[in-house]
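S.K.: Next up is a structure, given as structure tokens.
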Amino acid sequence: MQLVNRTSGNNFITDIPNAQLRLPSGDAFSFRSDKPIAGVSEITVTNFDANTIRVTVTGQVSQLWSCLIVQMRG
């Protein structure tokens, strides 16, 4: 699976291609959490399009993402 990561302002955005979130009823699934941890204002998980899930993490400061990206690339 190839994730597509980028930052935009205080947002860290990851697109997960070839994936969809669906509830057992067939309805689209979405998730939102406000202030889940220190330094993070919000996390959302949604269907971006017919074949892509988007995870957006909004930080209180944009410097948080440069540290996260370095850790993910290992």
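A note on labels: chains of the structure tokens are A, B, ... as shown, every chain counts residues from 1, and ligands are counted from 1 in their shown order.
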Quick one: residues within 9 Å of A:Gly39, only C-alpha atoms, excluding same-chain residues fewer than 5 positions away - as a list in words?
M.R.: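 Contacts, with the query itself left out: Thr58, Gly59, Gln60, Val61 and Leu64 of chain A.
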S.K.: Using only C-alpha atoms, which protein or nucleic acid residues come within 12 Å of A:Leu21? Drop anything in the same chain fewer than 6 positions from it, and give the result as a compact mmCIF listing (two decimals) with C-alpha atoms, in the first residue's frame.
M.R.:
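To be explicit, this is the file written out as around-v8.txt:
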# COMPACT_ATOMS: atom_id res chain seq x y z
CA ASP A 27 -23.48 4.07 4.24
CA ALA A 28 -20.20 5.94 4.12
CA PHE A 29 -18.21 6.06 7.35
CA SER A 30 -16.52 9.14 8.76
CA PHE A 31 -14.65 9.78 11.99
CA VAL A 45 -11.04 10.19 8.59
CA THR A 46 -13.30 10.33 5.53
CA ASN A 47 -13.83 8.86 2.09
CA PHE A 48 -12.11 11.42 -0.14
CA ASP A 49 -13.42 9.92 -3.37
CA ALA A 50 -14.71 6.56 -4.61
CA ASN A 51 -11.31 4.89 -4.09
CA THR A 52 -9.46 6.92 -1.46
CA ILE A 53 -9.58 7.36 2.31
CA ARG A 54 -8.23 10.67 3.65
CA VAL A 55 -6.83 11.09 7.16
S.K.: Please return as a list of chain:residue names: the residues of chain A that backbone DSSP assigns to alpha helix (DSSP H).
M.R.: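 Going through chain A, the alpha helix (DSSP H) residues come out as A:Gln63, A:Leu64, A:Trp65, A:Ser66, A:Cys67, A:Leu68, A:Ile69, A:Val70, A:Gln71, A:Met72, A:Arg73.
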S.K.: What parts of chain A does DSSP call strand (DSSP E)? I'd like the answer as a tab-separated table (two decimals) with N, CA, C and O atoms, in the first residue's frame.
M.R.:
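selection_28.tsv, written as the output of this step:
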chain	number	residue	atom	x	y	z
A	4	VAL	N	0.00	8.50	0.45
A	4	VAL	CA	0.41	9.79	-0.09
A	4	VAL	C	0.28	10.81	1.04
A	4	VAL	O	-0.83	11.10	1.49
A	5	ASN	N	1.44	11.29	1.54
A	5	ASN	CA	1.47	12.22	2.67
A	5	ASN	C	1.85	13.61	2.21
A	5	ASN	O	2.69	13.78	1.33
A	6	ARG	N	1.26	14.62	2.87
A	6	ARG	CA	1.66	16.00	2.61
A	6	ARG	C	1.21	16.86	3.78
A	6	ARG	O	0.40	16.44	4.59
A	7	THR	N	1.74	18.06	3.82
A	7	THR	CA	1.32	19.03	4.82
A	7	THR	C	0.75	20.25	4.12
A	7	THR	O	1.14	20.57	2.99
A	8	SER	N	-0.15	20.92	4.81
A	8	SER	CA	-0.74	22.16	4.32
A	8	SER	C	-1.07	23.00	5.55
A	8	SER	O	-2.01	22.68	6.29
A	11	ASN	N	-2.04	21.32	8.86
A	11	ASN	CA	-2.63	20.01	8.57
A	11	ASN	C	-1.60	19.03	8.03
A	11	ASN	O	-0.81	19.37	7.16
A	12	PHE	N	-1.65	17.81	8.56
A	12	PHE	CA	-0.91	16.68	7.99
A	12	PHE	C	-1.96	15.79	7.35
A	12	PHE	O	-2.91	15.36	8.01
A	13	ILE	N	-1.83	15.53	6.04
A	13	ILE	CA	-2.85	14.83	5.28
A	13	ILE	C	-2.26	13.55	4.69
A	13	ILE	O	-1.19	13.59	4.06
A	14	THR	N	-2.93	12.44	4.91
A	14	THR	CA	-2.53	11.16	4.32
A	14	THR	C	-3.69	10.63	3.51
A	14	THR	O	-4.80	10.49	4.02
A	15	ASP	N	-3.44	10.34	2.24
A	15	ASP	CA	-4.43	9.69	1.38
A	15	ASP	C	-4.06	8.22	1.25
A	15	ASP	O	-2.91	7.88	1.00
A	16	ILE	N	-5.04	7.36	1.42
A	16	ILE	CA	-4.85	5.91	1.31
A	16	ILE	C	-5.62	5.46	0.08
A	16	ILE	O	-6.85	5.36	0.10
A	17	PRO	N	-4.89	5.18	-1.03
A	17	PRO	CA	-5.58	4.80	-2.26
A	17	PRO	C	-6.10	3.37	-2.22
A	17	PRO	O	-5.66	2.55	-1.41
A	31	PHE	N	-15.09	9.73	10.60
A	31	PHE	CA	-14.65	9.78	11.99
A	31	PHE	C	-14.07	11.15	12.26
A	31	PHE	O	-13.36	11.71	11.43
A	32	ARG	N	-14.34	11.69	13.45
A	32	ARG	CA	-13.76	12.96	13.86
A	32	ARG	C	-13.51	12.92	15.36
A	32	ARG	O	-14.37	12.48	16.13
A	33	SER	N	-12.32	13.38	15.75
A	33	SER	CA	-11.99	13.48	17.17
A	33	SER	C	-11.38	14.85	17.42
A	33	SER	O	-10.41	15.24	16.77
A	34	ASP	N	-11.96	15.58	18.36
A	34	ASP	CA	-11.45	16.90	18.72
A	34	ASP	C	-10.47	16.79	19.89
A	34	ASP	O	-10.77	16.12	20.89
A	40	VAL	N	-2.55	18.38	19.14
A	40	VAL	CA	-3.41	18.04	18.00
A	40	VAL	C	-4.82	18.58	18.26
A	40	VAL	O	-5.45	18.25	19.26
A	41	SER	N	-5.29	19.42	17.35
A	41	SER	CA	-6.62	20.02	17.49
A	41	SER	C	-7.73	19.08	17.05
A	41	SER	O	-8.81	19.04	17.65
A	42	GLU	N	-7.46	18.30	15.97
A	42	GLU	CA	-8.53	17.48	15.39
A	42	GLU	C	-7.94	16.40	14.49
A	42	GLU	O	-6.92	16.60	13.85
A	43	ILE	N	-8.61	15.26	14.47
A	43	ILE	CA	-8.31	14.18	13.51
A	43	ILE	C	-9.62	13.86	12.80
A	43	ILE	O	-10.65	13.67	13.45
A	44	THR	N	-9.57	13.78	11.47
A	44	THR	CA	-10.74	13.34	10.70
A	44	THR	C	-10.32	12.22	9.76
A	44	THR	O	-9.21	12.22	9.24
A	45	VAL	N	-11.23	11.29	9.55
A	45	VAL	CA	-11.04	10.19	8.59
A	45	VAL	C	-12.30	10.14	7.75
A	45	VAL	O	-13.40	9.97	8.29
A	46	THR	N	-12.14	10.30	6.43
A	46	THR	CA	-13.30	10.33	5.53
A	46	THR	C	-12.97	9.63	4.22
A	46	THR	O	-11.80	9.41	3.89
A	47	ASN	N	-14.02	9.32	3.46
A	47	ASN	CA	-13.83	8.86	2.09
A	47	ASN	C	-13.61	10.11	1.24
A	47	ASN	O	-14.49	10.96	1.13
A	48	PHE	N	-12.42	10.25	0.67
A	48	PHE	CA	-12.11	11.42	-0.14
A	48	PHE	C	-12.79	11.34	-1.49
A	48	PHE	O	-13.34	12.31	-1.99
A	49	ASP	N	-12.72	10.17	-2.11
A	49	ASP	CA	-13.42	9.92	-3.37
A	49	ASP	C	-13.81	8.45	-3.39
A	49	ASP	O	-13.73	7.78	-2.37
A	52	THR	N	-10.50	6.38	-2.32
A	52	THR	CA	-9.46	6.92	-1.46
A	52	THR	C	-10.00	7.33	-0.10
A	52	THR	O	-11.02	8.00	-0.02
A	53	ILE	N	-9.29	6.91	0.96
A	53	ILE	CA	-9.58	7.36	2.31
A	53	ILE	C	-8.61	8.50	2.62
A	53	ILE	O	-7.42	8.41	2.30
A	54	ARG	N	-9.10	9.56	3.26
A	54	ARG	CA	-8.23	10.67	3.65
A	54	ARG	C	-8.23	10.81	5.17
A	54	ARG	O	-9.28	10.87	5.79
A	55	VAL	N	-7.03	10.84	5.74
A	55	VAL	CA	-6.83	11.09	7.16
A	55	VAL	C	-6.19	12.47	7.28
A	55	VAL	O	-5.14	12.72	6.68
A	56	THR	N	-6.84	13.37	8.02
A	56	THR	CA	-6.31	14.71	8.22
A	56	THR	C	-6.13	14.94	9.71
A	56	THR	O	-7.05	14.74	10.50
A	57	VAL	N	-4.89	15.32	10.07
A	57	VAL	CA	-4.58	15.64	11.46
A	57	VAL	C	-4.24	17.12	11.50
A	57	VAL	O	-3.32	17.57	10.81
A	58	THR	N	-4.99	17.88	12.29
A	58	THR	CA	-4.76	19.31	12.41
A	58	THR	C	-4.03	19.58	13.71
A	58	THR	O	-4.54	19.26	14.79
A	59	GLY	N	-2.85	20.14	13.57
A	59	GLY	CA	-2.03	20.44	14.73
A	59	GLY	C	-2.21	21.87	15.17
A	59	GLY	O	-2.68	22.73	14.42
